[in-house]
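File shown: structure-v2.csv (CSV, C-alpha atoms).
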```csv
chain,number,residue,atom,x,y,z
K,1,MET,CA,1.0,82.8,-197.7
K,2,VAL,CA,0.9,84.3,-194.2
K,3,SER,CA,3.7,86.6,-193.2
K,4,LEU,CA,4.7,86.4,-189.6
K,5,ALA,CA,5.6,89.6,-187.8
K,6,PRO,CA,8.8,89.6,-185.7
K,7,SER,CA,8.1,88.6,-182.1
K,8,THR,CA,8.1,91.3,-179.5
K,9,PRO,CA,10.9,90.8,-177.0
K,10,LEU,CA,9.8,90.0,-173.5
K,11,PRO,CA,10.2,92.8,-171.0
K,12,THR,CA,13.3,92.6,-168.8
K,13,THR,CA,13.4,93.0,-165.1
K,14,ALA,CA,14.6,96.5,-165.6
K,15,ASP,CA,11.7,97.3,-167.9
K,16,GLN,CA,9.3,95.9,-165.3
K,17,ASP,CA,10.9,98.0,-162.6
K,18,GLU,CA,10.5,101.1,-164.8
K,19,THR,CA,6.8,100.2,-165.5
K,20,PHE,CA,6.0,99.8,-161.8
K,21,SER,CA,7.8,103.0,-161.0
K,22,ALA,CA,5.5,104.9,-163.3
K,23,LEU,CA,2.4,103.7,-161.4
K,24,ASN,CA,1.1,105.6,-158.4
K,25,HIS,CA,2.4,103.9,-155.3
K,26,ASP,CA,-0.6,105.0,-153.3
K,27,ILE,CA,-2.9,103.2,-155.7
K,28,LEU,CA,-0.8,100.1,-155.5
K,29,GLN,CA,-0.8,100.0,-151.7
K,30,THR,CA,-4.4,101.2,-151.2
K,31,HIS,CA,-6.3,99.4,-153.9
K,32,ILE,CA,-4.2,96.4,-155.0
K,33,LEU,CA,-1.9,95.1,-152.3
K,34,THR,CA,-4.5,95.4,-149.6
K,35,ARG,CA,-6.7,92.9,-151.5
K,36,LEU,CA,-4.0,90.1,-151.4
K,37,ASP,CA,-3.7,87.3,-148.9
K,38,GLY,CA,-0.4,86.6,-147.2
K,39,PRO,CA,1.1,84.0,-149.6
K,40,THR,CA,0.2,86.1,-152.6
K,41,LEU,CA,1.6,89.2,-151.1
K,42,ALA,CA,4.9,87.4,-150.4
K,43,SER,CA,5.0,86.2,-154.0
K,44,VAL,CA,4.4,89.7,-155.3
K,45,SER,CA,7.2,91.1,-153.2
K,46,CYS,CA,9.6,89.0,-155.2
K,47,ALA,CA,8.5,90.4,-158.6
K,48,SER,CA,10.5,93.6,-158.5
K,49,SER,CA,12.5,95.9,-156.2
K,50,ASP,CA,9.6,98.4,-156.1
K,51,LEU,CA,7.0,95.8,-155.2
K,52,HIS,CA,9.4,94.4,-152.6
K,53,SER,CA,9.6,97.8,-151.0
K,54,LEU,CA,5.8,98.4,-151.2
K,55,SER,CA,5.0,94.9,-149.9
K,56,SER,CA,7.2,95.3,-146.9
K,57,GLU,CA,4.9,97.9,-145.2
K,58,ASP,CA,4.0,96.5,-141.8
K,59,LYS,CA,0.4,97.8,-142.0
K,60,LEU,CA,-0.3,95.4,-144.9
K,61,TRP,CA,1.0,92.5,-142.9
K,62,GLN,CA,-0.8,93.6,-139.8
K,63,ASN,CA,-4.1,93.6,-141.6
K,64,ILE,CA,-3.4,90.1,-143.0
K,65,CYS,CA,-2.4,88.8,-139.5
K,66,THR,CA,-5.4,90.2,-137.7
K,67,SER,CA,-7.8,88.9,-140.4
K,68,THR,CA,-6.2,85.5,-140.3
K,69,TRP,CA,-6.0,85.2,-136.5
K,70,PRO,CA,-8.4,87.3,-134.3
K,71,SER,CA,-6.2,86.6,-131.3
K,72,VAL,CA,-3.5,88.9,-132.8
K,73,ASN,CA,-5.7,91.8,-131.9
K,74,ASP,CA,-4.9,91.2,-128.2
K,75,PRO,CA,-2.6,94.0,-126.9
K,76,LEU,CA,-0.1,91.4,-125.6
K,77,ILE,CA,0.3,89.8,-129.0
K,78,SER,CA,0.5,93.1,-130.8
K,79,THR,CA,3.3,94.2,-128.4
K,80,LEU,CA,5.2,91.0,-128.9
K,81,ILE,CA,4.9,91.1,-132.7
K,82,SER,CA,6.3,94.7,-132.7
K,83,THR,CA,9.6,93.2,-131.4
K,84,PHE,CA,10.0,90.7,-134.3
K,85,PRO,CA,12.7,91.5,-136.8
K,86,SER,CA,10.2,92.5,-139.6
K,87,GLY,CA,7.2,92.9,-137.4
K,88,HIS,CA,4.0,91.3,-138.6
K,89,ARG,CA,5.7,90.0,-141.8
K,90,SER,CA,8.1,87.9,-139.6
K,91,PHE,CA,5.2,86.7,-137.5
K,92,PHE,CA,3.2,85.6,-140.5
K,93,SER,CA,6.3,83.8,-142.0
K,94,ASP,CA,6.8,81.9,-138.8
K,95,SER,CA,3.1,81.1,-138.1
K,96,TYR,CA,1.2,80.6,-141.3
K,97,PRO,CA,2.8,77.5,-142.9
K,98,LEU,CA,2.2,74.1,-141.3
K,99,LEU,CA,5.1,72.7,-139.3
K,100,HIS,CA,7.0,69.8,-140.9
K,101,HIS,CA,9.8,69.5,-138.4
K,102,GLN,CA,12.4,66.8,-137.8
K,103,ARG,CA,13.2,66.2,-134.1
K,104,PRO,CA,16.8,66.6,-133.1
K,105,SER,CA,18.9,63.5,-133.9
K,106,CYS,CA,20.3,63.6,-130.3
K,107,THR,CA,18.2,61.3,-128.1
K,108,ASN,CA,19.4,63.0,-124.9
K,109,LEU,CA,17.1,66.1,-124.8
K,110,GLU,CA,18.4,67.1,-121.4
K,111,ALA,CA,21.9,67.5,-123.0
K,112,LEU,CA,20.4,70.1,-125.3
K,113,PHE,CA,18.4,71.9,-122.6
K,114,PRO,CA,21.3,74.3,-121.5
K,115,THR,CA,21.0,75.9,-125.0
K,116,VAL,CA,17.3,76.9,-124.4
K,117,THR,CA,16.8,80.5,-123.4
K,118,THR,CA,13.0,80.4,-123.3
K,119,THR,CA,11.6,81.8,-120.1
K,120,GLU,CA,7.9,82.1,-121.1
K,121,LEU,CA,5.6,80.8,-123.8
K,122,VAL,CA,2.6,82.8,-125.1
K,123,SER,CA,-0.2,80.9,-126.8
K,124,ALA,CA,-2.4,82.6,-129.4
K,125,VAL,CA,-5.3,80.2,-130.2
K,126,ASP,CA,-8.2,80.6,-132.6
K,127,ILE,CA,-10.9,78.1,-133.4
K,128,TYR,CA,-13.1,78.4,-136.5
K,129,TYR,CA,-16.3,76.7,-137.7
K,130,GLN,CA,-16.8,77.0,-141.4
K,131,ASN,CA,-14.0,79.6,-141.4
K,132,VAL,CA,-15.9,81.8,-138.9
K,133,PRO,CA,-14.1,82.4,-135.6
K,134,ILE,CA,-15.9,80.9,-132.6
K,135,PHE,CA,-13.2,81.0,-130.0
K,136,SER,CA,-10.0,83.1,-129.4
K,137,LYS,CA,-7.7,83.0,-126.4
K,138,VAL,CA,-4.3,84.3,-125.4
K,139,GLU,CA,-2.5,82.5,-122.6
K,140,LYS,CA,0.9,83.0,-120.9
K,141,THR,CA,2.9,80.0,-119.6
K,142,GLU,CA,6.0,80.5,-117.5
K,143,ALA,CA,8.8,78.1,-118.4
K,144,VAL,CA,11.5,78.5,-115.7
K,145,THR,CA,10.2,77.1,-112.5
K,146,GLY,CA,10.9,73.6,-111.4
K,147,TRP,CA,7.2,72.9,-111.4
K,148,PHE,CA,7.0,73.5,-115.1
K,149,LEU,CA,10.3,71.9,-116.1
K,150,ASN,CA,9.8,68.7,-114.2
K,151,SER,CA,6.0,68.2,-114.8
K,152,PRO,CA,4.3,66.8,-117.8
K,153,PHE,CA,4.0,69.6,-120.5
K,154,ARG,CA,0.4,70.8,-120.7
K,155,VAL,CA,-1.3,74.1,-121.5
K,156,ASP,CA,-5.0,74.5,-120.5
K,157,LEU,CA,-6.9,77.5,-121.9
K,158,LEU,CA,-10.1,77.1,-119.8
K,159,GLU,CA,-10.7,76.6,-116.1
K,160,PRO,CA,-12.6,73.6,-114.8
K,161,LYS,CA,-16.4,74.0,-115.4
K,162,GLU,CA,-15.7,77.0,-117.6
K,163,PHE,CA,-17.3,76.9,-121.0
K,164,VAL,CA,-17.6,79.1,-124.1
K,165,PRO,CA,-20.9,79.3,-126.1
K,166,THR,CA,-20.5,79.0,-129.9
K,167,ARG,CA,-23.9,79.7,-131.4
K,168,ILE,CA,-23.5,76.5,-133.3
K,169,GLN,CA,-26.5,74.2,-133.2
K,170,GLN,CA,-26.0,70.4,-133.0
K,171,VAL,CA,-28.1,68.9,-135.8
K,172,GLY,CA,-28.3,65.5,-137.4
K,173,GLY,CA,-27.6,62.0,-136.0
K,174,GLU,CA,-24.5,60.9,-134.2
K,175,ASP,CA,-22.4,60.0,-137.2
K,176,SER,CA,-23.5,63.1,-139.2
K,177,TRP,CA,-22.7,65.5,-136.3
K,178,LEU,CA,-19.2,64.1,-135.8
K,179,LYS,CA,-18.5,64.3,-139.5
K,180,GLN,CA,-19.7,67.9,-139.5
K,181,LEU,CA,-17.2,68.8,-136.8
K,182,GLU,CA,-14.4,66.9,-138.6
K,183,GLU,CA,-15.0,68.8,-141.9
K,184,ASN,CA,-15.9,72.3,-140.5
K,185,LEU,CA,-13.9,72.8,-137.3
K,186,THR,CA,-10.3,74.2,-137.8
K,187,LEU,CA,-7.8,75.4,-135.2
K,188,SER,CA,-4.7,77.5,-135.1
K,189,TRP,CA,-2.4,77.3,-132.0
K,190,ILE,CA,0.6,79.7,-132.3
K,191,LEU,CA,3.3,79.4,-129.7
K,192,ILE,CA,5.4,82.5,-129.2
K,193,ASP,CA,8.8,82.8,-127.5
K,194,PRO,CA,9.0,86.5,-126.4
K,195,LYS,CA,12.7,86.3,-125.6
K,196,ASP,CA,14.0,84.8,-128.9
K,197,LYS,CA,11.2,86.6,-130.9
K,198,ARG,CA,10.1,83.5,-132.8
K,199,ALA,CA,6.8,81.8,-133.3
K,200,VAL,CA,5.5,78.4,-134.6
K,201,ASN,CA,2.0,77.1,-135.4
K,202,MET,CA,1.6,73.7,-133.7
K,203,SER,CA,-1.8,72.8,-135.1
K,204,SER,CA,-2.7,70.5,-138.0
K,205,ASN,CA,-5.4,73.1,-139.0
K,206,ARG,CA,-8.0,70.4,-139.5
K,207,ALA,CA,-8.9,67.6,-137.1
K,208,VAL,CA,-7.1,64.3,-137.2
K,209,SER,CA,-9.6,62.6,-134.9
K,210,VAL,CA,-13.2,63.2,-133.7
K,211,GLN,CA,-14.8,60.9,-131.2
K,212,ARG,CA,-17.3,60.9,-128.3
K,213,HIS,CA,-15.8,60.2,-124.9
K,214,TRP,CA,-17.2,56.9,-123.6
K,215,LEU,CA,-17.8,58.2,-120.0
K,216,THR,CA,-18.8,61.9,-120.2
K,217,GLY,CA,-20.5,61.8,-123.7
K,218,GLU,CA,-18.6,64.9,-124.7
K,219,VAL,CA,-17.1,65.1,-128.2
K,220,GLN,CA,-13.3,65.4,-128.3
K,221,VAL,CA,-11.8,66.9,-131.5
K,222,LYS,CA,-8.1,66.3,-131.8
K,223,PHE,CA,-5.5,68.3,-133.8
K,224,ALA,CA,-1.9,67.0,-133.9
K,225,THR,CA,1.6,67.7,-135.3
K,226,ILE,CA,4.0,64.8,-135.5
K,227,LEU,CA,7.6,65.8,-134.8
K,228,GLY,CA,9.8,62.9,-136.1
K,229,GLY,CA,13.3,62.0,-136.9
K,230,GLU,CA,15.9,59.3,-136.5
K,231,ARG,CA,17.6,58.3,-133.3
K,232,GLY,CA,21.4,58.5,-133.4
K,233,GLY,CA,23.1,55.2,-134.3
K,234,GLY,CA,20.4,52.5,-134.6
K,235,GLY,CA,18.0,54.5,-136.8
K,236,GLU,CA,15.0,53.8,-134.6
K,237,LYS,CA,12.1,56.1,-135.0
K,238,ALA,CA,11.9,58.7,-132.2
K,239,GLU,CA,8.7,60.6,-133.0
K,240,VAL,CA,6.8,62.9,-130.7
K,241,GLY,CA,3.1,63.8,-131.0
K,242,CYS,CA,2.0,67.3,-130.1
K,243,GLU,CA,-1.7,67.0,-129.5
K,244,VAL,CA,-4.4,69.7,-129.1
K,245,VAL,CA,-7.7,68.5,-127.8
K,246,VAL,CA,-10.9,70.6,-128.1
K,247,THR,CA,-13.7,69.2,-126.0
K,248,CYS,CA,-17.3,70.2,-127.0
K,249,GLY,CA,-20.5,69.6,-125.2
K,250,GLY,CA,-24.2,70.4,-125.3
K,251,LYS,CA,-27.6,68.7,-125.7
K,252,GLU,CA,-28.7,67.2,-128.9
K,253,GLY,CA,-30.4,69.9,-131.0
K,254,GLY,CA,-29.0,72.6,-128.7
K,255,GLU,CA,-26.1,75.0,-128.7
K,256,VAL,CA,-22.6,73.5,-128.8
K,257,GLN,CA,-20.2,74.7,-126.1
K,258,VAL,CA,-16.4,74.6,-126.0
K,259,ARG,CA,-15.6,73.1,-122.6
K,260,ASP,CA,-11.9,72.5,-122.7
K,261,VAL,CA,-8.9,73.3,-125.0
K,262,SER,CA,-5.5,71.9,-124.1
K,263,MET,CA,-2.1,71.0,-125.5
K,264,GLY,CA,0.3,68.2,-124.5
K,265,MET,CA,3.2,66.1,-125.9
K,266,GLU,CA,3.6,62.4,-125.9
K,267,ASP,CA,6.4,60.1,-127.1
K,268,MET,CA,6.2,56.8,-128.9
K,269,GLU,CA,5.4,54.9,-125.7
K,270,GLY,CA,2.4,57.2,-124.9
K,271,LYS,CA,4.4,58.8,-122.1
K,272,ALA,CA,3.9,62.6,-121.5
K,273,LEU,CA,7.0,64.7,-122.1
K,274,MET,CA,8.2,66.9,-119.3
K,275,GLY,CA,8.4,70.7,-119.7
K,276,LYS,CA,12.2,70.6,-120.0
K,277,GLU,CA,12.1,68.1,-122.9
K,278,SER,CA,9.2,69.9,-124.6
K,279,LEU,CA,11.1,73.3,-124.5
K,280,VAL,CA,14.0,71.7,-126.4
K,281,ILE,CA,11.7,70.4,-129.1
K,282,LEU,CA,9.7,73.7,-129.4
K,283,LYS,CA,13.0,75.7,-129.6
K,284,GLU,CA,14.1,73.4,-132.5
K,285,ALA,CA,10.8,73.7,-134.2
K,286,MET,CA,10.8,77.5,-134.0
K,287,GLU,CA,14.4,78.0,-135.1
K,288,LYS,CA,15.1,75.1,-137.5
K,289,GLY,CA,11.7,73.5,-138.2
K,290,GLU,CA,10.7,73.0,-141.8
K,291,ARG,CA,7.4,74.6,-142.8
K,292,LYS,CA,5.0,73.7,-145.5
K,293,LYS,CA,2.4,75.8,-147.2
K,294,LEU,CA,-1.0,75.5,-145.5
K,295,VAL,CA,-3.2,73.2,-147.7
K,296,ALA,CA,-6.1,72.5,-145.4
K,297,GLY,CA,-4.1,70.1,-143.3
K,298,LYS,CA,-3.8,67.7,-146.2
K,299,GLY,CA,-2.2,64.4,-145.3
K,300,MET,CA,-1.9,65.3,-141.6
K,301,LYS,CA,-4.7,62.9,-140.6
K,302,GLU,CA,-3.0,60.0,-142.4
K,303,LYS,CA,0.4,60.9,-140.8
K,304,TYR,CA,-1.2,61.0,-137.3
K,305,GLY,CA,-2.9,57.6,-138.0
K,306,GLU,CA,0.5,56.1,-138.9
K,307,PHE,CA,2.0,57.5,-135.7
K,308,VAL,CA,-0.7,56.0,-133.6
K,309,GLU,CA,-0.3,52.6,-135.3
K,310,ARG,CA,3.5,52.7,-134.7
K,311,ARG,CA,2.9,53.6,-131.1
K,312,ARG,CA,0.4,50.7,-130.7
K,313,GLU,CA,2.9,48.2,-132.3
K,314,ARG,CA,5.7,49.5,-130.1
K,315,LYS,CA,3.5,49.1,-127.0
K,316,GLU,CA,2.5,45.5,-128.0
K,317,THR,CA,6.2,44.6,-128.7
K,318,LYS,CA,7.2,46.0,-125.3
K,319,GLU,CA,4.4,44.0,-123.6
K,320,ARG,CA,5.5,40.8,-125.3
K,321,ARG,CA,9.0,41.3,-124.2
K,322,GLU,CA,7.9,41.9,-120.6
K,323,ASN,CA,5.7,38.8,-120.7
K,324,VAL,CA,8.7,36.7,-121.9
K,325,LEU,CA,10.9,38.2,-119.2
K,326,ASP,CA,8.2,37.5,-116.6
K,327,TRP,CA,8.0,33.8,-117.7
K,328,ILE,CA,11.8,33.5,-117.6
K,329,CYS,CA,11.8,34.9,-114.0
K,330,ILE,CA,9.0,32.6,-113.0
K,331,GLY,CA,10.8,29.6,-114.5
K,332,ALA,CA,14.0,30.6,-112.8
K,333,GLY,CA,12.2,30.9,-109.5
K,334,VAL,CA,10.5,27.5,-109.8
K,335,THR,CA,13.8,25.9,-110.8
K,336,CYS,CA,15.5,27.4,-107.8
K,337,PHE,CA,12.7,26.3,-105.5
K,338,VAL,CA,12.8,22.7,-106.8
K,339,ALA,CA,16.6,22.6,-106.5
K,340,PHE,CA,16.5,23.9,-103.0
K,341,TRP,CA,13.9,21.3,-101.8
K,342,SER,CA,15.7,18.5,-103.6
K,343,PHE,CA,18.9,19.5,-101.8
K,344,VAL,CA,17.1,19.5,-98.4
K,345,LEU,CA,15.2,16.2,-98.9
K,346,PHE,CA,18.0,14.2,-100.5
K,347,ARG,CA,21.2,15.4,-98.8
```

Taking this structure as input, can you express it in the form of structure tokens?
Amino acid sequence: MVSLAPSTPLPTTADQDETFSALNHDILQTHILTRLDGPTLASVSCASSDLHSLSSEDKLWQNICTSTWPSVNDPLISTLISTFPSGHRSFFSDSYPLLHHQRPSCTNLEALFPTVTTTELVSAVDIYYQNVPIFSKVEKTEAVTGWFLNSPFRVDLLEPKEFVPTRIQQVGGEDSWLKQLEENLTLSWILIDPKDKRAVNMSSNRAVSVQRHWLTGEVQVKFATILGGERGGGGEKAEVGCEVVVTCGGKEGGEVQVRDVSMGMEDMEGKALMGKESLVILKEAMEKGERKKLVAGKGMKEKYGEFVERRRERKETKERRENVLDWICIGAGVTCFVAFWSFVLFR
């Protein structure tokens, strides 16, 4: 017979705290915590009170942010992050997860606009190829003038005819090259509200669409976030697509150039949202938006495809209704015309 020794009781939280207290904090911070990525460091901070204190050091989160997004090294971004409640940790918490946000149930976005305090948006954008940064840009956009509020929302990072070399060589046939871009090109577009000290990542991380422009021959790589919800009352879908388009050019076999990077918003009818409407949606996304862990943009391409299909169906339905209305108007006009001449000829 085999005798079983009494099981050793599991250590309690107090025991764990005492064990970690016995460790050299400098060793933990210098040789262990510095090797962790953001999500892991956040998880470790929940393990004990000591680890929570050690994991809250801003320097740790600063290193994680700068290694994740090269644009964070820009002095403007560094200054803005220093004003966040918990510095780089708050910024990472806002910006790392993918946005999974429900649009406000109120359909009248103008009614919500008075609650918006945003006066300026700052974009921190990074593009990677095979996880290697190839493009970084910081851009300020004023958000108070009538020109911005009453014009279609759009942020352009490059001037016309400006381009950025990437040191990436275009190789393979047409289909092969487009697939390489879809699989290897990733993008982060973080929007920062300096006044409210909040941020949100509006990118899908991976491309949702890659195609060559029929006229210019340039390749357009699209990233998108679908902001959706239910309209009040009827329950009709009221989705908005925030789309980022990266335009790439270059000769076959030569170096690929980034020629345009822009962001815009469209509703279900393909109509561009004005700046005033977009600010309401962005404010809701920053303050109340649900975020999901970044898993290589998993499912975002399918979600965007469904959005495009619903937009197409809605457009076709609207066109059919307009055609029916046109025929009714034509029929009514012909009837009136015949009735008029009948009255004139036979009175």

Subject >> Residue nearest Lys137 (chain K) - candidates K:Asp156, K:Asp196, K:Glu290, K:Glu322, atoms counted: all atoms listed in the file >> reply: K:Asp156

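The shortest atom-to-atom distance to Ile134 (chain K), with all atoms listed in the file taken into account, belongs to K:Pro70 out of K:Gly87, K:Gly270, K:Gly331, K:Pro70.
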
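Taking CA of Ile127 (chain K) and CA of Ser188 (chain K) as the two end points, the separation is 6.5 Å.
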
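Neighbours of region 236-252 of chain K closer than or equal to 6 Å, with all atoms listed in the file counted and sequence neighbours fewer than 4 positions away skipped, come out as Gln170, Glu218, Val219, Gln220, Val221, Lys222, Phe223, Ala224, Thr225, Ile226, Leu227, Gly228, Gly229, Glu230, Arg231, Val256, Gln257, Val258, Arg259, Asp260, Val261, Ser262, Met263, Gly264, Met265, Glu266 and Asp267 of chain K.
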
Original post:
For the atom pair CA of Thr186 (chain K) and CA of Thr118 (chain K), what is the interatomic distance in Å to one decimal place?
Top reply: 28.1 Å
